[in-house]
>>> print(open('coords_12.cif').read())   # mmCIF, N, CA and C atoms
data_query
#
loop_
_atom_site.label_atom_id
_atom_site.label_comp_id
_atom_site.auth_asym_id
_atom_site.auth_seq_id
_atom_site.Cartn_x
_atom_site.Cartn_y
_atom_site.Cartn_z
N MET A 1 0.85 -1.18 0.00
CA MET A 1 0.00 0.00 0.00
C MET A 1 0.89 1.24 0.00
N ILE A 2 0.61 2.17 -0.89
CA ILE A 2 1.41 3.38 -0.99
C ILE A 2 0.78 4.44 -0.10
N SER A 3 1.62 5.01 0.77
CA SER A 3 1.09 6.08 1.63
C SER A 3 1.36 7.42 0.96
N GLU A 4 0.41 8.29 1.09
CA GLU A 4 0.52 9.60 0.48
C GLU A 4 0.51 10.67 1.57
N ARG A 5 1.30 11.68 1.37
CA ARG A 5 1.41 12.75 2.35
C ARG A 5 0.10 13.54 2.41
N LEU A 6 -0.29 13.92 3.62
CA LEU A 6 -1.48 14.73 3.82
C LEU A 6 -1.06 16.17 4.10
N ILE A 7 -1.78 17.11 3.50
CA ILE A 7 -1.46 18.53 3.61
C ILE A 7 -2.53 19.21 4.45
N ARG A 8 -2.14 19.82 5.54
CA ARG A 8 -3.08 20.51 6.42
C ARG A 8 -3.52 21.83 5.77
N PRO A 9 -4.65 22.40 6.21
CA PRO A 9 -5.20 23.60 5.56
C PRO A 9 -4.25 24.79 5.44
N LYS A 10 -3.50 25.08 6.48
CA LYS A 10 -2.59 26.23 6.42
C LYS A 10 -1.54 26.04 5.34
N ASP A 11 -0.97 24.84 5.24
CA ASP A 11 0.04 24.56 4.22
C ASP A 11 -0.59 24.51 2.83
N ALA A 12 -1.79 23.95 2.72
CA ALA A 12 -2.47 23.89 1.43
C ALA A 12 -2.75 25.31 0.92
N ALA A 13 -3.22 26.17 1.80
CA ALA A 13 -3.50 27.56 1.41
C ALA A 13 -2.22 28.25 0.97
N HIS A 14 -1.14 28.01 1.70
CA HIS A 14 0.15 28.62 1.35
C HIS A 14 0.61 28.15 -0.03
N ARG A 15 0.50 26.85 -0.29
CA ARG A 15 0.92 26.32 -1.59
C ARG A 15 0.08 26.87 -2.74
N LEU A 16 -1.20 27.12 -2.47
CA LEU A 16 -2.10 27.64 -3.51
C LEU A 16 -2.04 29.16 -3.62
N GLY A 17 -1.37 29.81 -2.67
CA GLY A 17 -1.22 31.26 -2.73
C GLY A 17 -2.47 32.01 -2.30
N VAL A 18 -3.25 31.41 -1.42
CA VAL A 18 -4.46 32.05 -0.91
C VAL A 18 -4.46 31.96 0.61
N SER A 19 -5.38 32.67 1.23
CA SER A 19 -5.52 32.57 2.68
C SER A 19 -6.30 31.30 3.02
N THR A 20 -6.23 30.90 4.27
CA THR A 20 -6.98 29.73 4.72
C THR A 20 -8.47 29.97 4.55
N ARG A 21 -8.90 31.19 4.84
CA ARG A 21 -10.31 31.51 4.69
C ARG A 21 -10.76 31.38 3.22
N THR A 22 -9.94 31.87 2.30
CA THR A 22 -10.25 31.76 0.87
C THR A 22 -10.27 30.29 0.44
N LEU A 23 -9.37 29.50 0.99
CA LEU A 23 -9.34 28.07 0.68
C LEU A 23 -10.68 27.43 1.04
N TYR A 24 -11.18 27.70 2.24
CA TYR A 24 -12.46 27.12 2.65
C TYR A 24 -13.63 27.74 1.88
N ARG A 25 -13.51 28.99 1.47
CA ARG A 25 -14.54 29.61 0.63
C ARG A 25 -14.62 28.87 -0.71
N GLU A 26 -13.46 28.51 -1.25
CA GLU A 26 -13.41 27.75 -2.51
C GLU A 26 -14.03 26.37 -2.33
N VAL A 27 -13.79 25.75 -1.18
CA VAL A 27 -14.39 24.44 -0.89
C VAL A 27 -15.90 24.58 -0.85
N SER A 28 -16.40 25.62 -0.16
CA SER A 28 -17.84 25.85 -0.05
C SER A 28 -18.48 26.10 -1.41
N ALA A 29 -17.74 26.77 -2.29
CA ALA A 29 -18.25 27.07 -3.63
C ALA A 29 -18.17 25.85 -4.56
N GLY A 30 -17.48 24.81 -4.11
CA GLY A 30 -17.36 23.61 -4.93
C GLY A 30 -16.21 23.67 -5.92
N ASN A 31 -15.34 24.65 -5.78
CA ASN A 31 -14.22 24.81 -6.71
C ASN A 31 -13.01 23.96 -6.32
N ILE A 32 -12.93 23.59 -5.08
CA ILE A 32 -11.86 22.74 -4.56
C ILE A 32 -12.54 21.62 -3.78
N PRO A 33 -12.06 20.39 -3.93
CA PRO A 33 -12.69 19.29 -3.20
C PRO A 33 -12.53 19.46 -1.69
N ALA A 34 -13.48 18.95 -0.96
CA ALA A 34 -13.43 19.03 0.49
C ALA A 34 -12.25 18.21 1.02
N PRO A 35 -11.71 18.63 2.15
CA PRO A 35 -10.59 17.87 2.72
C PRO A 35 -11.08 16.56 3.33
N LEU A 36 -10.14 15.67 3.55
CA LEU A 36 -10.43 14.43 4.24
C LEU A 36 -10.58 14.74 5.73
N LYS A 37 -11.48 14.10 6.38
CA LYS A 37 -11.67 14.30 7.82
C LYS A 37 -10.80 13.27 8.53
N ILE A 38 -9.73 13.74 9.17
CA ILE A 38 -8.78 12.86 9.85
C ILE A 38 -9.31 12.46 11.22
N SER A 39 -9.81 13.45 11.93
CA SER A 39 -10.43 13.21 13.23
C SER A 39 -11.55 14.24 13.39
N GLU A 40 -12.11 14.33 14.56
CA GLU A 40 -13.23 15.25 14.77
C GLU A 40 -12.85 16.70 14.46
N ARG A 41 -11.63 17.10 14.80
CA ARG A 41 -11.22 18.49 14.61
C ARG A 41 -10.05 18.65 13.65
N THR A 42 -9.73 17.64 12.89
CA THR A 42 -8.57 17.69 12.00
C THR A 42 -8.96 17.28 10.59
N SER A 43 -8.53 18.08 9.63
CA SER A 43 -8.78 17.75 8.23
C SER A 43 -7.54 18.05 7.41
N ALA A 44 -7.43 17.39 6.25
CA ALA A 44 -6.27 17.57 5.39
C ALA A 44 -6.62 17.12 3.98
N TRP A 45 -5.83 17.59 3.03
CA TRP A 45 -5.98 17.18 1.63
C TRP A 45 -4.83 16.25 1.28
N ARG A 46 -5.07 15.36 0.33
CA ARG A 46 -3.97 14.55 -0.20
C ARG A 46 -3.04 15.48 -0.97
N GLU A 47 -1.77 15.22 -0.89
CA GLU A 47 -0.79 16.05 -1.60
C GLU A 47 -1.06 16.03 -3.10
N SER A 48 -1.46 14.89 -3.64
CA SER A 48 -1.72 14.79 -5.08
C SER A 48 -2.87 15.71 -5.50
N THR A 49 -3.86 15.91 -4.63
CA THR A 49 -4.97 16.81 -4.94
C THR A 49 -4.49 18.24 -5.05
N ILE A 50 -3.66 18.67 -4.11
CA ILE A 50 -3.13 20.04 -4.11
C ILE A 50 -2.24 20.24 -5.33
N LEU A 51 -1.41 19.25 -5.64
CA LEU A 51 -0.53 19.36 -6.82
C LEU A 51 -1.33 19.41 -8.11
N GLN A 52 -2.44 18.68 -8.17
CA GLN A 52 -3.30 18.70 -9.36
C GLN A 52 -3.94 20.08 -9.53
N ILE A 53 -4.38 20.68 -8.44
CA ILE A 53 -4.97 22.02 -8.49
C ILE A 53 -3.94 23.02 -9.01
N ILE A 54 -2.73 22.95 -8.49
CA ILE A 54 -1.65 23.86 -8.92
C ILE A 54 -1.36 23.65 -10.40
N SER A 55 -1.28 22.39 -10.83
CA SER A 55 -1.00 22.06 -12.23
C SER A 55 -2.09 22.61 -13.15
N ASP A 56 -3.34 22.41 -12.77
CA ASP A 56 -4.46 22.89 -13.58
C ASP A 56 -4.46 24.41 -13.68
N ARG A 57 -4.17 25.07 -12.59
CA ARG A 57 -4.13 26.54 -12.60
C ARG A 57 -2.99 27.05 -13.48
N ALA A 58 -1.85 26.36 -13.45
CA ALA A 58 -0.72 26.76 -14.27
C ALA A 58 -1.04 26.62 -15.75
N LYS A 59 -1.83 25.61 -16.10
CA LYS A 59 -2.23 25.39 -17.49
C LYS A 59 -3.40 26.27 -17.89
N GLY A 60 -4.03 26.89 -16.90
CA GLY A 60 -5.19 27.71 -17.20
C GLY A 60 -6.42 26.86 -17.49
N GLN A 61 -6.40 25.63 -17.04
CA GLN A 61 -7.50 24.71 -17.30
C GLN A 61 -8.35 24.54 -16.06
N MET A 62 -9.57 24.15 -16.30
CA MET A 62 -10.46 23.78 -15.21
C MET A 62 -10.61 22.26 -15.25
N SER A 63 -10.62 21.67 -14.10
CA SER A 63 -10.83 20.23 -14.05
C SER A 63 -11.87 19.92 -12.99
N THR A 64 -12.11 18.66 -12.78
CA THR A 64 -13.08 18.27 -11.77
C THR A 64 -12.54 18.49 -10.37
N THR A 65 -11.23 18.63 -10.24
CA THR A 65 -10.67 18.80 -8.91
C THR A 65 -10.35 20.25 -8.58
N ALA A 66 -10.34 21.13 -9.57
CA ALA A 66 -9.97 22.50 -9.27
C ALA A 66 -10.48 23.47 -10.32
N VAL A 67 -10.61 24.69 -9.90
CA VAL A 67 -11.01 25.77 -10.78
C VAL A 67 -10.07 26.93 -10.49
N ALA A 68 -9.86 27.78 -11.47
CA ALA A 68 -8.98 28.93 -11.27
C ALA A 68 -9.44 29.75 -10.07
N VAL A 69 -8.55 30.56 -9.58
CA VAL A 69 -8.84 31.38 -8.40
C VAL A 69 -10.07 32.23 -8.64
N VAL A 70 -10.97 32.24 -7.69
CA VAL A 70 -12.19 33.02 -7.80
C VAL A 70 -11.85 34.48 -7.57
N VAL A 71 -12.32 35.32 -8.46
CA VAL A 71 -12.11 36.75 -8.32
C VAL A 71 -13.09 37.25 -7.27
N SER A 72 -12.58 37.98 -6.31
CA SER A 72 -13.45 38.45 -5.24
C SER A 72 -14.44 39.47 -5.79
N GLU A 73 -15.65 39.41 -5.26
CA GLU A 73 -16.67 40.35 -5.70
C GLU A 73 -16.34 41.73 -5.17
N LYS A 74 -16.59 42.73 -6.01
CA LYS A 74 -16.36 44.09 -5.57
C LYS A 74 -17.46 44.48 -4.58
N ARG A 75 -17.05 45.10 -3.54
CA ARG A 75 -18.00 45.52 -2.54
C ARG A 75 -18.44 46.94 -2.84
N GLY A 76 -19.60 47.26 -2.41
CA GLY A 76 -20.14 48.60 -2.60
C GLY A 76 -19.40 49.60 -1.73
N PRO A 77 -19.87 50.81 -1.71
CA PRO A 77 -19.19 51.85 -0.95
C PRO A 77 -19.32 51.67 0.56
N GLY A 78 -20.03 50.68 1.01
CA GLY A 78 -20.19 50.44 2.43
C GLY A 78 -21.65 50.28 2.78
N ARG A 79 -21.90 50.27 4.06
CA ARG A 79 -23.29 50.13 4.49
C ARG A 79 -24.07 51.39 4.14
N PRO A 80 -25.35 51.24 3.86
CA PRO A 80 -26.15 52.43 3.57
C PRO A 80 -26.23 53.31 4.81
N ARG A 81 -26.29 54.57 4.58
CA ARG A 81 -26.35 55.53 5.67
C ARG A 81 -27.68 55.41 6.37
N LYS A 82 -27.65 55.40 7.70
CA LYS A 82 -28.90 55.36 8.45
C LYS A 82 -29.46 56.77 8.54
N LEU A 83 -30.72 56.87 8.23
CA LEU A 83 -31.38 58.17 8.29
C LEU A 83 -32.02 58.34 9.66
N PRO A 84 -31.87 59.52 10.25
CA PRO A 84 -32.50 59.73 11.55
C PRO A 84 -34.02 59.76 11.41
N VAL A 85 -34.69 59.20 12.38
CA VAL A 85 -36.14 59.19 12.39
C VAL A 85 -36.58 60.33 13.29
N THR A 86 -37.27 61.32 12.72
CA THR A 86 -37.62 62.51 13.49
C THR A 86 -39.00 62.43 14.11
N ASP A 87 -39.95 61.79 13.43
CA ASP A 87 -41.31 61.77 13.96
C ASP A 87 -41.67 60.42 14.58
N GLY A 88 -40.70 59.53 14.67
CA GLY A 88 -40.94 58.23 15.27
C GLY A 88 -41.49 57.20 14.32
N ALA A 89 -41.83 57.59 13.10
CA ALA A 89 -42.38 56.66 12.12
C ALA A 89 -41.23 55.90 11.47
N ILE A 90 -41.39 54.62 11.37
CA ILE A 90 -40.35 53.79 10.74
C ILE A 90 -40.44 53.98 9.24
N GLY A 91 -39.27 54.16 8.63
CA GLY A 91 -39.22 54.28 7.18
C GLY A 91 -39.47 55.69 6.68
N THR A 92 -39.66 56.65 7.56
CA THR A 92 -39.89 58.03 7.12
C THR A 92 -38.55 58.67 6.81
N ASP A 93 -38.45 59.27 5.66
CA ASP A 93 -37.24 59.96 5.26
C ASP A 93 -37.35 61.42 5.66
N PRO A 94 -36.50 61.90 6.59
CA PRO A 94 -36.58 63.27 7.06
C PRO A 94 -36.26 64.30 5.99
N ARG A 95 -35.71 63.86 4.86
CA ARG A 95 -35.38 64.81 3.79
C ARG A 95 -36.59 65.11 2.92
N GLY A 96 -37.68 64.45 3.19
CA GLY A 96 -38.88 64.72 2.43
C GLY A 96 -39.07 63.85 1.21
N ALA A 97 -38.13 62.94 0.96
CA ALA A 97 -38.26 62.06 -0.21
C ALA A 97 -39.24 60.94 0.13
N ALA A 98 -40.00 60.53 -0.84
CA ALA A 98 -40.99 59.48 -0.60
C ALA A 98 -40.42 58.11 -0.88
#
>>> encode(input="coords_12.cif", output="structure tokens")
Amino acid sequence: MISERLIRPKDAAHRLGVSTRTLYREVSAGNIPAPLKISERTSAWRESTILQIISDRAKGQMSTTAVAVVVSEKRGPGRPRKLPVTDGAIGTDPRGAA
């Protein structure tokens, strides 16, 4: 039986050039396969899986095991400004706009 090295999330993220959070975001999106569950609180990927993802990205190809890095969505200018409520009515715009 051939044993294969297991790559923990921090090392996998480093090899792929992304943060650990982005790595798990990619897993949630289905772009990267889920890690193997080693124990209740431990997970890891097979080294061959990580190498395949890197290879596919270098070729610019998409495969069943990996997809190119997801471009982050642009965020808006921030949260909408809260308007003060002057007469106690919810949803009333004090500027007079309807």
>>> atom_distance(input="coords_12.cif", atom1="atom C of A:Gly17", atom2="atom C of A:Arg5")
19.2 Å
>>> closest_residue(input="coords_12.cif", among="A:Ile50, A:Pro9, A:Leu36, A:Thr42", to="A:Leu23", atoms="only N, CA and C atoms")
A:Pro9
>>> residues_near_point(input="coords_12.cif", point="(-7.3, 16.0, -4.2)", cutoff="8 Å", atoms="only N, CA and C atoms", output="PyMOL selection string")
chain A and resi 32-35+45-53+65
>>> atom_distance(input="coords_12.cif", atom1="atom N of A:Ala44", atom2="atom C of A:Arg8")
5.9 Å
>>> atom_distance(input="coords_12.cif", atom1="atom CA of A:Arg57", atom2="atom CA of A:Ile38")
26.7 Å
